[in-house]
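Asks: Have a look at this one before I ask anything.
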Amino acid sequence: DRIKIMHINTNLECKRVNTALKRHRVTVWIKRQDLSICCLQEIYLTYNDTHRLKVKGWSKICHVSGKQKRAGVTIFILGTTDFKLINIKKDSEGH
């Protein structure tokens with residue numbers, strides 16, 4: 001089986017995902033692609049707001065942005081992908 005990974009800078013593609021309509025457009029777009037893993041960069045959501053960014057059938061395995069609303073990264077894994085998270089390493093800033 002092939003694994004297809006896509007990395008998207010949402011700041012460039014959809015002017016961030018801080019509104020419900022923009023989050024909806026991003027999730028619809030992700031579901032239309034033939035992907036196994038999707039990394040969203042510069043989502044500008046706080047850690048507490050990431051529950052607003054969901055893609056049905058996908059697991060969110062990582063979200064890094066800290067407590068402030070700033071550029072962050074979220075990684076989604078397609079639910080049917082054989083994936084097991086073994087370890088998470090954080091840098092000195094806690095990301």
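Simple scheme: letters A, B, ... for chains in structure tokens order, numbers from 1 for residues in each chain, numbers from 1 for ligands in the order shown.
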Env of A:Phe76: 7 Å cut, atoms = only C-alpha atoms, seq-sep filter 4 positions within chain, self excluded. Answer as a VMD selection string.
Replies: chain A and resid 37 to 39 58 to 61
Asks: Using atom CA of A:Ile86 and atom CA of A:Lys56 as the two end points, give the distance in Å to one decimal.
Replies: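 Atom-to-atom, atom CA of A:Ile86 and atom CA of A:Lys56 are spaced 23.4 Å apart.
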Asks: Can you measure atom CA of A:Glu42 to atom CA of A:Leu85 for me? One decimal in Å is fine.
Replies: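 For atom CA of A:Glu42 relative to atom CA of A:Leu85, the distance reads 22.7 Å.
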Asks: List the neighbours of stretch 22-29 of chain A out to 12 Å using only C-alpha atoms; skip same-chain residues closer than 3 positions along the sequence, and give me the result as an mmCIF file with all heavy atoms, in the first residue's frame.
Replies:
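Produced file out-v1.cif, reproduced below:
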data_model
loop_
_atom_site.group_PDB
_atom_site.id
_atom_site.type_symbol
_atom_site.label_atom_id
_atom_site.label_comp_id
_atom_site.auth_asym_id
_atom_site.auth_seq_id
_atom_site.Cartn_x
_atom_site.Cartn_y
_atom_site.Cartn_z
ATOM 1 N N MET A 6 0.445 14.966 2.641
ATOM 2 C CA MET A 6 0.382 16.328 2.126
ATOM 3 C C MET A 6 0.575 17.305 3.274
ATOM 4 O O MET A 6 0.048 17.105 4.369
ATOM 5 C CB MET A 6 -0.947 16.610 1.444
ATOM 6 C CG MET A 6 -0.997 18.024 0.862
ATOM 7 S SD MET A 6 -2.423 18.286 -0.182
ATOM 8 C CE MET A 6 -1.915 17.385 -1.628
ATOM 9 N N ILE A 8 0.165 21.330 4.113
ATOM 10 C CA ILE A 8 -0.492 22.531 3.592
ATOM 11 C C ILE A 8 -0.269 23.705 4.524
ATOM 12 O O ILE A 8 -0.419 23.575 5.730
ATOM 13 C CB ILE A 8 -1.994 22.252 3.451
ATOM 14 C CG1 ILE A 8 -2.313 21.863 2.062
ATOM 15 C CG2 ILE A 8 -2.828 23.354 3.866
ATOM 16 C CD1 ILE A 8 -3.780 21.717 1.856
ATOM 17 N N ASN A 9 0.103 24.825 3.971
ATOM 18 C CA ASN A 9 0.201 26.067 4.731
ATOM 19 C C ASN A 9 -1.154 26.755 4.614
ATOM 20 O O ASN A 9 -1.473 27.346 3.596
ATOM 21 C CB ASN A 9 1.316 26.948 4.169
ATOM 22 C CG ASN A 9 1.521 28.194 4.990
ATOM 23 O OD1 ASN A 9 0.574 28.791 5.487
ATOM 24 N ND2 ASN A 9 2.769 28.593 5.128
ATOM 25 N N THR A 10 -1.979 26.632 5.651
ATOM 26 C CA THR A 10 -3.347 27.163 5.571
ATOM 27 C C THR A 10 -3.370 28.684 5.525
ATOM 28 O O THR A 10 -4.337 29.262 5.048
ATOM 29 C CB THR A 10 -4.218 26.681 6.744
ATOM 30 O OG1 THR A 10 -3.642 27.108 7.966
ATOM 31 C CG2 THR A 10 -4.368 25.183 6.709
ATOM 32 N N ASN A 11 -2.327 29.326 5.994
ATOM 33 C CA ASN A 11 -2.269 30.778 5.916
ATOM 34 C C ASN A 11 -2.230 31.231 4.456
ATOM 35 O O ASN A 11 -2.834 32.224 4.084
ATOM 36 C CB ASN A 11 -1.058 31.304 6.679
ATOM 37 C CG ASN A 11 -1.124 32.797 6.893
ATOM 38 O OD1 ASN A 11 -2.192 33.367 7.084
ATOM 39 N ND2 ASN A 11 0.022 33.440 6.857
ATOM 40 N N GLU A 13 -3.142 29.101 1.770
ATOM 41 C CA GLU A 13 -4.202 28.461 0.995
ATOM 42 C C GLU A 13 -5.595 28.999 1.314
ATOM 43 O O GLU A 13 -6.409 29.150 0.431
ATOM 44 C CB GLU A 13 -4.183 26.939 1.226
ATOM 45 C CG GLU A 13 -2.913 26.277 0.776
ATOM 46 C CD GLU A 13 -2.672 26.410 -0.715
ATOM 47 O OE1 GLU A 13 -3.624 26.383 -1.488
ATOM 48 O OE2 GLU A 13 -1.501 26.529 -1.099
ATOM 49 N N CYS A 14 -5.899 29.231 2.571
ATOM 50 C CA CYS A 14 -7.277 29.608 2.909
ATOM 51 C C CYS A 14 -7.343 30.707 3.958
ATOM 52 O O CYS A 14 -8.342 30.862 4.628
ATOM 53 C CB CYS A 14 -8.061 28.392 3.358
ATOM 54 S SG CYS A 14 -7.422 27.674 4.879
ATOM 55 N N LYS A 15 -6.284 31.464 4.098
ATOM 56 C CA LYS A 15 -6.259 32.576 5.051
ATOM 57 C C LYS A 15 -6.617 32.134 6.463
ATOM 58 O O LYS A 15 -7.464 32.696 7.118
ATOM 59 C CB LYS A 15 -7.197 33.697 4.598
ATOM 60 C CG LYS A 15 -6.936 34.168 3.186
ATOM 61 C CD LYS A 15 -5.552 34.746 3.040
ATOM 62 C CE LYS A 15 -5.357 35.319 1.661
ATOM 63 N NZ LYS A 15 -4.239 34.808 0.951
ATOM 64 N N ARG A 16 -5.961 31.072 6.916
ATOM 65 C CA ARG A 16 -6.115 30.515 8.252
ATOM 66 C C ARG A 16 -7.461 29.811 8.401
ATOM 67 O O ARG A 16 -8.312 29.871 7.542
ATOM 68 C CB ARG A 16 -5.918 31.577 9.325
ATOM 69 C CG ARG A 16 -4.575 32.286 9.196
ATOM 70 C CD ARG A 16 -4.450 33.367 10.212
ATOM 71 N NE ARG A 16 -3.207 34.090 9.989
ATOM 72 C CZ ARG A 16 -2.970 35.283 10.465
ATOM 73 N NH1 ARG A 16 -3.865 35.902 11.181
ATOM 74 N NH2 ARG A 16 -1.826 35.855 10.238
ATOM 75 N N VAL A 17 -7.638 29.150 9.520
ATOM 76 C CA VAL A 17 -8.870 28.391 9.736
ATOM 77 C C VAL A 17 -9.594 28.869 10.996
ATOM 78 O O VAL A 17 -10.192 28.092 11.711
ATOM 79 C CB VAL A 17 -8.596 26.872 9.806
ATOM 80 C CG1 VAL A 17 -8.177 26.332 8.471
ATOM 81 C CG2 VAL A 17 -7.589 26.548 10.887
ATOM 82 N N ASN A 18 -9.570 30.161 11.247
ATOM 83 C CA ASN A 18 -10.158 30.667 12.481
ATOM 84 C C ASN A 18 -11.638 31.023 12.375
ATOM 85 O O ASN A 18 -12.194 31.588 13.297
ATOM 86 C CB ASN A 18 -9.340 31.844 13.024
ATOM 87 C CG ASN A 18 -9.065 32.890 11.967
ATOM 88 O OD1 ASN A 18 -9.598 32.815 10.873
ATOM 89 N ND2 ASN A 18 -8.234 33.855 12.287
ATOM 90 N N THR A 19 -12.293 30.681 11.283
ATOM 91 C CA THR A 19 -13.746 30.830 11.200
ATOM 92 C C THR A 19 -14.343 29.472 10.851
ATOM 93 O O THR A 19 -13.682 28.619 10.255
ATOM 94 C CB THR A 19 -14.176 31.851 10.120
ATOM 95 O OG1 THR A 19 -13.866 31.336 8.828
ATOM 96 C CG2 THR A 19 -13.502 33.201 10.318
ATOM 97 N N ARG A 32 -11.612 15.070 0.190
ATOM 98 C CA ARG A 32 -11.637 14.834 -1.264
ATOM 99 C C ARG A 32 -10.305 14.328 -1.803
ATOM 100 O O ARG A 32 -10.240 13.771 -2.896
ATOM 101 C CB ARG A 32 -12.004 16.124 -1.996
ATOM 102 C CG ARG A 32 -13.447 16.489 -1.847
ATOM 103 C CD ARG A 32 -13.765 17.708 -2.671
ATOM 104 N NE ARG A 32 -15.150 18.104 -2.461
ATOM 105 C CZ ARG A 32 -15.609 19.312 -2.668
ATOM 106 N NH1 ARG A 32 -14.797 20.280 -3.094
ATOM 107 N NH2 ARG A 32 -16.865 19.589 -2.460
ATOM 108 N N GLN A 33 -9.236 14.547 -1.063
ATOM 109 C CA GLN A 33 -7.913 14.118 -1.506
ATOM 110 C C GLN A 33 -7.719 12.641 -1.204
ATOM 111 O O GLN A 33 -8.354 12.086 -0.322
ATOM 112 C CB GLN A 33 -6.816 14.936 -0.805
ATOM 113 C CG GLN A 33 -6.989 16.430 -0.883
ATOM 114 C CD GLN A 33 -7.190 16.945 -2.294
ATOM 115 O OE1 GLN A 33 -6.392 16.672 -3.164
ATOM 116 N NE2 GLN A 33 -8.268 17.667 -2.495
ATOM 117 N N ASP A 34 -6.812 12.013 -1.893
ATOM 118 C CA ASP A 34 -6.480 10.611 -1.638
ATOM 119 C C ASP A 34 -5.246 10.582 -0.742
ATOM 120 O O ASP A 34 -4.149 10.267 -1.185
ATOM 121 C CB ASP A 34 -6.212 9.907 -2.977
ATOM 122 C CG ASP A 34 -5.903 8.438 -2.810
ATOM 123 O OD1 ASP A 34 -6.315 7.852 -1.792
ATOM 124 O OD2 ASP A 34 -5.234 7.878 -3.687
ATOM 125 N N LEU A 35 -5.437 10.939 0.528
ATOM 126 C CA LEU A 35 -4.321 11.095 1.457
ATOM 127 C C LEU A 35 -4.358 10.060 2.564
ATOM 128 O O LEU A 35 -5.415 9.540 2.909
ATOM 129 C CB LEU A 35 -4.371 12.478 2.118
ATOM 130 C CG LEU A 35 -4.322 13.697 1.214
ATOM 131 C CD1 LEU A 35 -4.528 14.967 2.032
ATOM 132 C CD2 LEU A 35 -3.009 13.754 0.471
ATOM 133 N N CYS A 38 -2.242 14.186 6.617
ATOM 134 C CA CYS A 38 -2.353 15.587 6.214
ATOM 135 C C CYS A 38 -1.840 16.467 7.346
ATOM 136 O O CYS A 38 -2.320 16.377 8.476
ATOM 137 C CB CYS A 38 -3.799 15.940 5.888
ATOM 138 S SG CYS A 38 -3.967 17.607 5.242
ATOM 139 N N CYS A 39 -0.864 17.296 7.044
ATOM 140 C CA CYS A 39 -0.287 18.220 8.016
ATOM 141 C C CYS A 39 -0.744 19.631 7.665
ATOM 142 O O CYS A 39 -0.540 20.082 6.539
ATOM 143 C CB CYS A 39 1.238 18.165 7.974
ATOM 144 S SG CYS A 39 1.904 16.522 8.229
ATOM 145 N N LEU A 40 -1.360 20.305 8.608
ATOM 146 C CA LEU A 40 -1.820 21.674 8.403
ATOM 147 C C LEU A 40 -0.930 22.610 9.194
ATOM 148 O O LEU A 40 -0.811 22.482 10.411
ATOM 149 C CB LEU A 40 -3.272 21.828 8.862
ATOM 150 C CG LEU A 40 -4.292 20.944 8.177
ATOM 151 C CD1 LEU A 40 -5.670 21.167 8.793
ATOM 152 C CD2 LEU A 40 -4.330 21.220 6.692
ATOM 153 N N ILE A 43 -2.291 27.231 11.448
ATOM 154 C CA ILE A 43 -3.741 27.168 11.596
ATOM 155 C C ILE A 43 -4.290 28.241 12.528
ATOM 156 O O ILE A 43 -5.481 28.502 12.531
ATOM 157 C CB ILE A 43 -4.205 25.776 12.045
ATOM 158 C CG1 ILE A 43 -3.573 25.408 13.371
ATOM 159 C CG2 ILE A 43 -3.923 24.753 10.987
ATOM 160 C CD1 ILE A 43 -4.170 24.177 13.969
ATOM 161 N N TYR A 44 -3.456 28.852 13.326
ATOM 162 C CA TYR A 44 -3.840 29.956 14.201
ATOM 163 C C TYR A 44 -5.031 29.624 15.093
ATOM 164 O O TYR A 44 -6.008 30.354 15.170
ATOM 165 C CB TYR A 44 -4.108 31.233 13.395
ATOM 166 C CG TYR A 44 -2.833 31.837 12.888
ATOM 167 C CD1 TYR A 44 -2.305 31.460 11.664
ATOM 168 C CD2 TYR A 44 -2.127 32.756 13.643
ATOM 169 C CE1 TYR A 44 -1.115 31.978 11.201
ATOM 170 C CE2 TYR A 44 -0.938 33.286 13.194
ATOM 171 C CZ TYR A 44 -0.433 32.902 11.966
ATOM 172 O OH TYR A 44 0.749 33.419 11.515
ATOM 173 N N LEU A 45 -4.948 28.495 15.762
ATOM 174 C CA LEU A 45 -5.908 28.122 16.792
ATOM 175 C C LEU A 45 -5.137 27.864 18.076
ATOM 176 O O LEU A 45 -4.005 27.399 18.034
ATOM 177 C CB LEU A 45 -6.651 26.837 16.419
ATOM 178 C CG LEU A 45 -7.578 26.881 15.224
ATOM 179 C CD1 LEU A 45 -8.075 25.473 14.904
ATOM 180 C CD2 LEU A 45 -8.750 27.800 15.484
ATOM 181 N N ASP A 49 -8.829 25.388 21.352
ATOM 182 C CA ASP A 49 -9.770 25.544 20.240
ATOM 183 C C ASP A 49 -9.651 24.453 19.185
ATOM 184 O O ASP A 49 -10.432 24.430 18.238
ATOM 185 C CB ASP A 49 -9.561 26.902 19.544
ATOM 186 C CG ASP A 49 -9.994 28.061 20.420
ATOM 187 O OD1 ASP A 49 -10.887 27.867 21.268
ATOM 188 O OD2 ASP A 49 -9.451 29.158 20.245
ATOM 189 N N THR A 50 -8.706 23.543 19.330
ATOM 190 C CA THR A 50 -8.493 22.552 18.274
ATOM 191 C C THR A 50 -9.643 21.576 18.136
ATOM 192 O O THR A 50 -9.773 20.930 17.102
ATOM 193 C CB THR A 50 -7.185 21.759 18.489
ATOM 194 O OG1 THR A 50 -7.254 21.089 19.748
ATOM 195 C CG2 THR A 50 -5.982 22.675 18.425
ATOM 196 N N HIS A 51 -10.493 21.468 19.145
ATOM 197 C CA HIS A 51 -11.662 20.588 19.019
ATOM 198 C C HIS A 51 -12.582 21.072 17.894
ATOM 199 O O HIS A 51 -13.388 20.316 17.376
ATOM 200 C CB HIS A 51 -12.439 20.530 20.340
ATOM 201 C CG HIS A 51 -13.106 21.821 20.695
ATOM 202 N ND1 HIS A 51 -12.406 22.870 21.294
ATOM 203 C CD2 HIS A 51 -14.369 22.257 20.512
ATOM 204 C CE1 HIS A 51 -13.240 23.882 21.467
ATOM 205 N NE2 HIS A 51 -14.441 23.540 21.009
ATOM 206 N N ARG A 52 -12.436 22.312 17.485
ATOM 207 C CA ARG A 52 -13.256 22.864 16.406
ATOM 208 C C ARG A 52 -12.809 22.378 15.027
ATOM 209 O O ARG A 52 -13.551 22.475 14.063
ATOM 210 C CB ARG A 52 -13.201 24.389 16.435
ATOM 211 C CG ARG A 52 -13.781 24.951 17.694
ATOM 212 C CD ARG A 52 -13.660 26.437 17.722
ATOM 213 N NE ARG A 52 -14.112 26.925 19.017
ATOM 214 C CZ ARG A 52 -14.374 28.166 19.268
ATOM 215 N NH1 ARG A 52 -14.237 29.077 18.335
ATOM 216 N NH2 ARG A 52 -14.774 28.524 20.462
ATOM 217 N N LEU A 53 -11.594 21.886 14.942
ATOM 218 C CA LEU A 53 -11.056 21.406 13.665
ATOM 219 C C LEU A 53 -11.075 19.884 13.661
ATOM 220 O O LEU A 53 -10.219 19.233 14.249
ATOM 221 C CB LEU A 53 -9.628 21.924 13.473
ATOM 222 C CG LEU A 53 -8.962 21.599 12.146
ATOM 223 C CD1 LEU A 53 -9.758 22.174 10.981
ATOM 224 C CD2 LEU A 53 -7.548 22.164 12.138
ATOM 225 N N LYS A 54 -12.109 19.316 13.042
ATOM 226 C CA LYS A 54 -12.275 17.869 12.984
ATOM 227 C C LYS A 54 -12.513 17.451 11.543
ATOM 228 O O LYS A 54 -13.119 18.182 10.772
ATOM 229 C CB LYS A 54 -13.490 17.435 13.804
ATOM 230 C CG LYS A 54 -13.383 17.716 15.275
ATOM 231 C CD LYS A 54 -14.650 17.293 15.977
ATOM 232 C CE LYS A 54 -14.610 17.699 17.431
ATOM 233 N NZ LYS A 54 -15.845 17.381 18.119
ATOM 234 N N VAL A 55 -12.037 16.265 11.207
ATOM 235 C CA VAL A 55 -12.302 15.678 9.899
ATOM 236 C C VAL A 55 -12.847 14.280 10.166
ATOM 237 O O VAL A 55 -12.146 13.438 10.741
ATOM 238 C CB VAL A 55 -11.029 15.610 9.027
ATOM 239 C CG1 VAL A 55 -11.353 15.037 7.665
ATOM 240 C CG2 VAL A 55 -10.390 16.984 8.889
ATOM 241 N N LYS A 56 -14.093 14.033 9.770
ATOM 242 C CA LYS A 56 -14.733 12.752 10.036
ATOM 243 C C LYS A 56 -13.939 11.623 9.384
ATOM 244 O O LYS A 56 -13.587 11.689 8.211
ATOM 245 C CB LYS A 56 -16.162 12.761 9.502
ATOM 246 C CG LYS A 56 -16.964 11.557 9.912
ATOM 247 C CD LYS A 56 -18.396 11.691 9.478
ATOM 248 C CE LYS A 56 -19.192 10.489 9.957
ATOM 249 N NZ LYS A 56 -20.597 10.608 9.619
ATOM 250 N N GLY A 57 -13.648 10.587 10.172
ATOM 251 C CA GLY A 57 -12.888 9.446 9.673
ATOM 252 C C GLY A 57 -11.384 9.609 9.820
ATOM 253 O O GLY A 57 -10.625 8.727 9.441
ATOM 254 N N TRP A 58 -10.955 10.739 10.372
ATOM 255 C CA TRP A 58 -9.539 11.017 10.549
ATOM 256 C C TRP A 58 -9.249 11.185 12.039
ATOM 257 O O TRP A 58 -10.090 11.649 12.791
ATOM 258 C CB TRP A 58 -9.143 12.300 9.831
ATOM 259 C CG TRP A 58 -9.159 12.184 8.346
ATOM 260 C CD1 TRP A 58 -10.255 12.024 7.551
ATOM 261 C CD2 TRP A 58 -8.043 12.232 7.482
ATOM 262 N NE1 TRP A 58 -9.887 11.968 6.238
ATOM 263 C CE2 TRP A 58 -8.532 12.104 6.163
ATOM 264 C CE3 TRP A 58 -6.683 12.382 7.678
ATOM 265 C CZ2 TRP A 58 -7.697 12.105 5.065
ATOM 266 C CZ3 TRP A 58 -5.850 12.388 6.578
ATOM 267 C CH2 TRP A 58 -6.354 12.246 5.294
ATOM 268 N N PHE A 76 -3.148 15.161 10.887
ATOM 269 C CA PHE A 76 -4.275 14.236 10.803
ATOM 270 C C PHE A 76 -3.822 12.950 10.130
ATOM 271 O O PHE A 76 -3.080 12.988 9.153
ATOM 272 C CB PHE A 76 -5.411 14.827 9.957
ATOM 273 C CG PHE A 76 -6.192 15.903 10.638
ATOM 274 C CD1 PHE A 76 -5.940 17.232 10.375
ATOM 275 C CD2 PHE A 76 -7.204 15.582 11.530
ATOM 276 C CE1 PHE A 76 -6.673 18.232 10.981
ATOM 277 C CE2 PHE A 76 -7.941 16.576 12.149
ATOM 278 C CZ PHE A 76 -7.682 17.900 11.881
#
Asks: Just asking: which residues within stretch 27-91 of chain A are strand (DSSP E or B) according to DSSP, as a ChimeraX atom specification?
Replies: /A:37-41,58-64,73-78
Asks: For the residues selected in the previous step, produce a file with N, CA and C atoms as a CSV table (one decimal), in the first residue's frame.
Replies:
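Output contents, as saved in selection24.csv:
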chain,number,residue,atom,x,y,z
A,37,ILE,N,-2.0,10.9,5.3
A,37,ILE,CA,-1.6,11.9,6.4
A,37,ILE,C,-1.7,13.3,5.8
A,38,CYS,N,-2.2,14.2,6.6
A,38,CYS,CA,-2.4,15.6,6.2
A,38,CYS,C,-1.8,16.5,7.3
A,39,CYS,N,-0.9,17.3,7.0
A,39,CYS,CA,-0.3,18.2,8.0
A,39,CYS,C,-0.7,19.6,7.7
A,40,LEU,N,-1.4,20.3,8.6
A,40,LEU,CA,-1.8,21.7,8.4
A,40,LEU,C,-0.9,22.6,9.2
A,41,GLN,N,-0.3,23.5,8.5
A,41,GLN,CA,0.6,24.5,9.1
A,41,GLN,C,-0.1,25.9,9.2
A,58,TRP,N,-11.0,10.7,10.4
A,58,TRP,CA,-9.5,11.0,10.5
A,58,TRP,C,-9.2,11.2,12.0
A,59,SER,N,-8.0,10.8,12.4
A,59,SER,CA,-7.6,11.1,13.8
A,59,SER,C,-6.6,12.2,13.8
A,60,LYS,N,-6.8,13.1,14.8
A,60,LYS,CA,-5.8,14.2,15.0
A,60,LYS,C,-4.8,13.6,16.0
A,61,ILE,N,-3.5,13.5,15.6
A,61,ILE,CA,-2.5,12.9,16.5
A,61,ILE,C,-1.7,14.0,17.2
A,62,CYS,N,-1.6,15.2,16.6
A,62,CYS,CA,-0.7,16.1,17.2
A,62,CYS,C,-1.2,17.5,16.9
A,63,HIS,N,-1.1,18.4,17.8
A,63,HIS,CA,-1.4,19.8,17.6
A,63,HIS,C,-0.4,20.6,18.4
A,64,VAL,N,0.3,21.5,17.8
A,64,VAL,CA,1.3,22.3,18.4
A,64,VAL,C,1.0,23.8,18.1
A,73,VAL,N,0.7,23.8,14.1
A,73,VAL,CA,0.7,22.6,13.2
A,73,VAL,C,-0.2,21.6,13.8
A,74,THR,N,-1.1,21.0,12.9
A,74,THR,CA,-1.9,19.9,13.3
A,74,THR,C,-1.7,18.8,12.3
A,75,ILE,N,-1.6,17.6,12.8
A,75,ILE,CA,-1.4,16.4,11.9
A,75,ILE,C,-2.6,15.5,12.0
A,76,PHE,N,-3.1,15.2,10.9
A,76,PHE,CA,-4.3,14.2,10.8
A,76,PHE,C,-3.8,12.9,10.1
A,77,ILE,N,-4.3,11.8,10.6
A,77,ILE,CA,-4.0,10.5,10.1
A,77,ILE,C,-5.4,9.9,9.7
A,78,LEU,N,-5.5,9.4,8.4
A,78,LEU,CA,-6.7,8.7,8.0
A,78,LEU,C,-6.9,7.5,8.9
Asks: For the atom pair atom CA of A:Ile88 and atom CA of A:Lys31, what is the interatomic distance in Å to one decimal place?
Replies: 26.1 Å
Asks: Would you mind telling me which residue in A:Thr81, A:Ser36, A:Asn87, A:Ser92 lies nearest to A:His7 when using only C-alpha atoms?
Replies: A:Ser36
Asks: Residues of stretch 3-92 of chain A classed as alpha helix (DSSP H) by DSSP on the backbone are to be reported as a VMD selection string.
Replies: chain A and resid 10 to 13 20 to 32
